[in-house]
Amino acid sequence: MARRTKKNIGVIGLGIIGSRVTDNLRRKGFHVFVWNKTPRPTPNFVGAPAELAEMCDFIQIFVSDDDALLEVVRQMAPALGPRHIVLAHSTVAPHTMRTAADIVERRGGRFIEAPFTGSKVGAEKGELVFYVAGDELALREARPVLEASSKQIIEIGEIGQATVIKLATNIITGATVQAIAEALALVHNAGIAPEKFVAAVQDNASYSRTLEMKLPKMIAGDFEPHFSLKHMLKDMQIASRFGLSHHLELAVSAAVRDRLLEQEQRGHADEDYSVVARKYFPEVLPAANEEVNLELFEKPPPVEPAATISSMGEVAAAVAPIADVLASSEPSSAAETAPQPEPAAPQPETVAAQAEPMPQPQVAAEPETAPHSEAEPVLTNVIAPVTFISSEPESAPTPEPPAASGPEAGAVEKPAEDASSQSASEESMDEPARRGLFDRLLRRDSGS
């Protein structure tokens, strides 16, 4: 059995990578203590990050995101001192890494930024690649700890820069897997066996370690997590925000992010990030309650809804012309029920056509094809105006002929010349004479 080193190692975070790094450290003879937010039945499990810091000189942190990293560092801070070297392996925003370094250094400790590349298999074999930044003396002291689970250590520069390198490499990895998924979909829909594609791409300049690892598993529908979708999605979101902060349009990163987000919303967050292939092959190991072919943010076509607030104006605008046509094309009842001007003092017996008709309300006729314009109104059901002539003719028509009552109110229409001569003579008569003349006329008419 390998001898143990004098200094203890603390590991925080026992996920896919942290648990395997712990195993490698123990195999290499390091005395390791661990802590995880969710307790695990593992040797040397302690109760809190601060307790771990009290027992260990080197502390490796494998937590998932920015908030978790800062929370752990703040919990350890009271127990930190000059003997401590804290190694942060999380992929977080560069400014988060600098904030964590500042907390550690304020307590007198030293901080190493050390994101890595390599998945579950690389961690098991001790073949991770670390991108490191920080104090050179601290790096030299921590190198044996890093070498226990890695095949290469690449020094980058200042704290924050190693994270940028990690984000850049993940953009390529994520885009490669998305490209594999799309290429497989193209080949499949053309009716070509996937083995033909594998044979072709192996001798292509695009062939890479990512293709070598992911392509066979994507064809088989094997999405056992080696690097989970939720973590790749987090990295793509960080990369997109970092690009925006430098006024860069990262279109490919945004496309990869959206495809990852789509599968996360379908319940595949804990599967391998190559699960993006499910978009094109939904029949391969479908997840429970998964809605097949559901695009990002797209909902199933709903039943045609009633008019909404936003569509009320459009509906009203479309209906208004129809309502106007219906109103203008009402049958003659509209004209019949419309109020007509009453003739003044109508007489019951004698009627005659008036030479100049009185103004009447105009009603548009019912159109056969289209309503008439306002410039050419069509009149319908117009009754010719009439006037009643009394026995007291006037020399000229007046708007209000004198009202008369009684049996002498009516008279038989006479020729125009008789009426004019009578009118001249009657103007000089007094009332008794006029009545006498009227009586004689009635007797003459009744005798004839």
# chains A, B, ... in the order shown; residues from 1 in each chain; ligands from 1
call {"tool": "closest_atom_pairs", "arguments": {"of": "segment 29-64 of chain A", "to": "segment 99-117 of chain A", "cutoff": "12 Å", "atoms": "only C-alpha atoms", "output": "CSV"}}
result
residue,atom,partner,partner_atom,distance
A:Ala53,CA,A:Gly109,CA,10.9
A:Asp57,CA,A:Gly109,CA,9.9
A:Phe58,CA,A:Arg110,CA,9.8
A:Ile59,CA,A:Phe111,CA,9.8
A:Gln60,CA,A:Ala114,CA,9.3
A:Ile61,CA,A:Ala114,CA,9.6
A:Phe62,CA,A:Pro115,CA,9.3
A:Val63,CA,A:Pro115,CA,11.2
A:Ser64,CA,A:Pro115,CA,11.6
call {"tool": "select_by_dssp", "arguments": {"residues": "segment 60-152 of chain A", "states": "strand (DSSP E or B)", "output": "list in words"}}
result
Gln60, Ile61, Ile85, Val86, Leu87, Ala88, Arg110, Phe111, Ile112, Glu113, Phe116, Thr117, Leu128, Val129, Phe130, Tyr131, Val132, Ala133, Gly134, Ser150, Lys151 and Gln152 of chain A
call {"tool": "write_last_selection", "arguments": {"atoms": "C-alpha atoms", "output": "CSV table (one decimal), in the first residue's frame"}}
result
chain,number,residue,atom,x,y,z
A,60,GLN,CA,-10.3,21.0,-3.9
A,61,ILE,CA,-13.8,22.3,-4.8
A,85,ILE,CA,-4.3,26.3,-0.8
A,86,VAL,CA,-7.8,26.3,-2.2
A,87,LEU,CA,-8.2,24.9,-5.7
A,88,ALA,CA,-11.5,25.8,-7.5
A,110,ARG,CA,-3.8,31.1,-1.5
A,111,PHE,CA,-6.1,30.5,-4.4
A,112,ILE,CA,-5.7,28.4,-7.6
A,113,GLU,CA,-8.1,28.5,-10.5
A,116,PHE,CA,-10.6,21.0,-16.3
A,117,THR,CA,-11.5,19.1,-19.4
A,128,LEU,CA,-8.1,15.0,-16.7
A,129,VAL,CA,-6.5,18.1,-18.2
A,130,PHE,CA,-6.3,21.1,-15.9
A,131,TYR,CA,-6.2,24.7,-17.0
A,132,VAL,CA,-4.6,26.6,-14.1
A,133,ALA,CA,-4.0,30.2,-13.0
A,134,GLY,CA,-2.7,31.7,-9.8
A,150,SER,CA,-4.6,14.3,-14.5
A,151,LYS,CA,-2.5,13.7,-17.5
A,152,GLN,CA,-1.7,17.3,-18.2
call {"tool": "atom_distance", "arguments": {"atom1": "atom CA of Arg241 of chain A", "atom2": "atom CA of Leu70 of chain A"}}
result
19.0 Å
call {"tool": "atom_distance", "arguments": {"atom1": "atom CA of Arg74 of chain A", "atom2": "atom CA of Val34 of chain A"}}
result
17.2 Å
call {"tool": "select_by_dssp", "arguments": {"residues": "segment 53-295 of chain A", "states": "helix (DSSP H, G or I)", "output": "MDAnalysis selection string"}}
result
chainID A and resid 53:55 66:79 94:106 120:125 136:147 161:189 194:202 209:220 229:245 251:265 273:279
